[in-house]
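Q: Pasting upload-v2.pdb here (PDB, C-alpha atoms):
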ATOM      1  CA  MET T   1       0.000   0.000   0.000
ATOM      2  CA  ASN T   2       2.796   2.447   0.917
ATOM      3  CA  GLN T   3       4.681   1.568  -2.258
ATOM      4  CA  LEU T   4       1.597   2.322  -4.351
ATOM      5  CA  LEU T   5       1.195   5.737  -2.712
ATOM      6  CA  ILE T   6       4.873   6.514  -3.265
ATOM      7  CA  LEU T   7       4.594   5.441  -6.908
ATOM      8  CA  ILE T   8       1.520   7.647  -7.448
ATOM      9  CA  ALA T   9       3.269  10.605  -5.768
ATOM     10  CA  VAL T  10       6.350  10.154  -7.979
ATOM     11  CA  VAL T  11       4.210   9.974 -11.135
ATOM     12  CA  ILE T  12       2.339  13.156 -10.151
ATOM     13  CA  ILE T  13       5.609  14.972  -9.423
ATOM     14  CA  LEU T  14       7.039  13.890 -12.779
ATOM     15  CA  ILE T  15       3.931  15.103 -14.622
ATOM     16  CA  ILE T  16       4.086  18.489 -12.887
ATOM     17  CA  LEU T  17       7.797  18.768 -13.605
ATOM     18  CA  TYR T  18       7.250  17.902 -17.278
ATOM     19  CA  PHE T  19       4.644  20.625 -17.784
ATOM     20  CA  TYR T  20       6.703  23.161 -15.826
ATOM     21  CA  LEU T  21       9.798  22.540 -17.943
ATOM     22  CA  LYS T  22       7.773  22.520 -21.153
ATOM     23  CA  ARG T  23       6.267  25.906 -20.301
ATOM     24  CA  ASN T  24       9.657  27.385 -19.427
ATOM     25  CA  ARG T  25      11.193  26.207 -22.689
ATOM     26  CA  LYS T  26       8.533  28.023 -24.687
ATOM     27  CA  GLY T  27       9.182  31.182 -22.693
ATOM     28  CA  GLY T  28      12.901  30.878 -23.354
ATOM     29  CA  LYS T  29      12.335  30.574 -27.086
ATOM     30  CA  LYS T  30      10.133  33.640 -27.088
ATOM     31  CA  LEU T  31      12.661  35.653 -25.087
ATOM     32  CA  HIS T  32      15.401  34.608 -27.478
ATOM     33  CA  ALA T  33      13.250  35.675 -30.431
ATOM     34  CA  LEU T  34      12.480  39.035 -28.800
ATOM     35  CA  TRP T  35      16.168  39.712 -28.098
ATOM     36  CA  LYS T  36      16.966  38.804 -31.701
ATOM     37  CA  GLU T  37      14.240  41.149 -32.972
ATOM     38  CA  CYS T  38      15.574  43.996 -30.817
ATOM     39  CA  ARG T  39      19.093  43.439 -32.141
ATOM     40  CA  ARG T  40      17.828  43.421 -35.717
ATOM     41  CA  LYS T  41      15.905  46.665 -35.296
ATOM     42  CA  LEU T  42      18.866  48.475 -33.708
ATOM     43  CA  HIS T  43      21.142  47.879 -36.729
ATOM     44  CA  LEU T  44      24.185  47.610 -34.433
ATOM     45  CA  PRO T  45      26.831  44.933 -33.875
ATOM     46  CA  PRO T  46      25.464  42.234 -31.532
ATOM     47  CA  LYS T  47      27.594  43.147 -28.496
ATOM     48  CA  ILE T  48      26.746  46.840 -28.715
ATOM     49  CA  ALA T  49      23.086  46.034 -29.387
ATOM     50  CA  ASP T  50      22.938  43.827 -26.275
ATOM     51  CA  GLU T  51      24.485  46.584 -24.141
ATOM     52  CA  THR T  52      22.025  49.112 -25.567
ATOM     53  CA  ILE T  53      19.052  46.812 -24.976
ATOM     54  CA  GLN T  54      20.177  46.169 -21.394
ATOM     55  CA  ARG T  55      20.564  49.903 -20.696
ATOM     56  CA  TYR T  56      17.142  50.603 -22.161
ATOM     57  CA  MET T  57      15.643  47.744 -20.157
ATOM     58  CA  ASP T  58      17.207  49.080 -16.942
ATOM     59  CA  GLY T  59      15.594  52.461 -17.597
ATOM     60  CA  LEU T  60      12.239  50.848 -18.286
ATOM     61  CA  LYS T  61      12.494  48.838 -15.063
ATOM     62  CA  LYS T  62      12.829  52.092 -13.130
ATOM     63  CA  SER T  63       9.872  53.773 -14.809
ATOM     64  CA  HIS T  64       7.723  50.617 -15.178
ATOM     65  CA  PRO T  65       8.631  48.216 -12.330
ATOM     66  CA  ASN T  66       7.291  44.705 -11.788
ATOM     67  CA  HIS T  67       6.967  43.568 -15.399
ATOM     68  CA  THR T  68       8.438  40.493 -17.067
ATOM     69  CA  GLU T  69      11.523  40.549 -19.267
ATOM     70  CA  GLU T  70       9.222  39.655 -22.147
ATOM     71  CA  TRP T  71       7.156  42.793 -21.513
ATOM     72  CA  TYR T  72      10.255  45.020 -21.456
ATOM     73  CA  LEU T  73      11.538  43.556 -24.730
ATOM     74  CA  GLU T  74       8.135  43.979 -26.392
ATOM     75  CA  LYS T  75       8.083  47.599 -25.171
ATOM     76  CA  ILE T  76      11.543  48.209 -26.639
ATOM     77  CA  ILE T  77      10.430  46.767 -29.980
ATOM     78  CA  TYR T  78       7.267  48.893 -29.895
ATOM     79  CA  ASP T  79       9.300  52.028 -29.137
ATOM     80  CA  LEU T  80      11.815  51.273 -31.874
ATOM     81  CA  ASP T  81       9.000  50.759 -34.399
ATOM     82  CA  ARG T  82       7.282  53.955 -33.294
ATOM     83  CA  ASP T  83      10.512  55.973 -33.631
ATOM     84  CA  ARG T  84      11.107  54.690 -37.175
ATOM     85  CA  ARG T  85       7.876  56.196 -38.506
TER      86      ARG T  85
END
Would you mind writing the file out in structure tokens?

A:
Amino acid sequence: MNQLLILIAVVIILIILYFYLKRNRKGGKKLHALWKECRRKLHLPPKIADETIQRYMDGLKKSHPNHTEEWYLEKIIYDLDRDRR
């Protein structure tokens, strides 16, 4: 009986872990794509673009705290698009 309960608990933990890791991988891909899009829109060498994005993100974090990195990157892309018009 105890072994069955332990087995069920392990299976439940593995299922939760699977979905957690799956969700995080998707988020990582999206973040990578957003960073890539920011770099492309800046038209700068990658290292300089990354430094510029990080500086801009730090400023946004001060004026708009408590948002996700995804939100900050989307805001940077929006601002870059708006400034190009």

Q: Could you tell me which residues the PyMOL selection byres ((chain T and resi 29-43) around 10) grabs in this file, written as a ChimeraX atom specification?

A: /T:24-28,44-50,52-53,69-74,76-78,80-81,84

Q: Suppose you want the space between CA of Met1 in chain T and CA of Phe19 in chain T; what is it in Å?

A: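 A separation of 27.6 Å between them.
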
Q: One number please: CA of Asp79 in chain T to CA of Met57 in chain T, in Å, one decimal.

A: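 Taking CA of Asp79 in chain T and CA of Met57 in chain T, their separation equals 11.8 Å.
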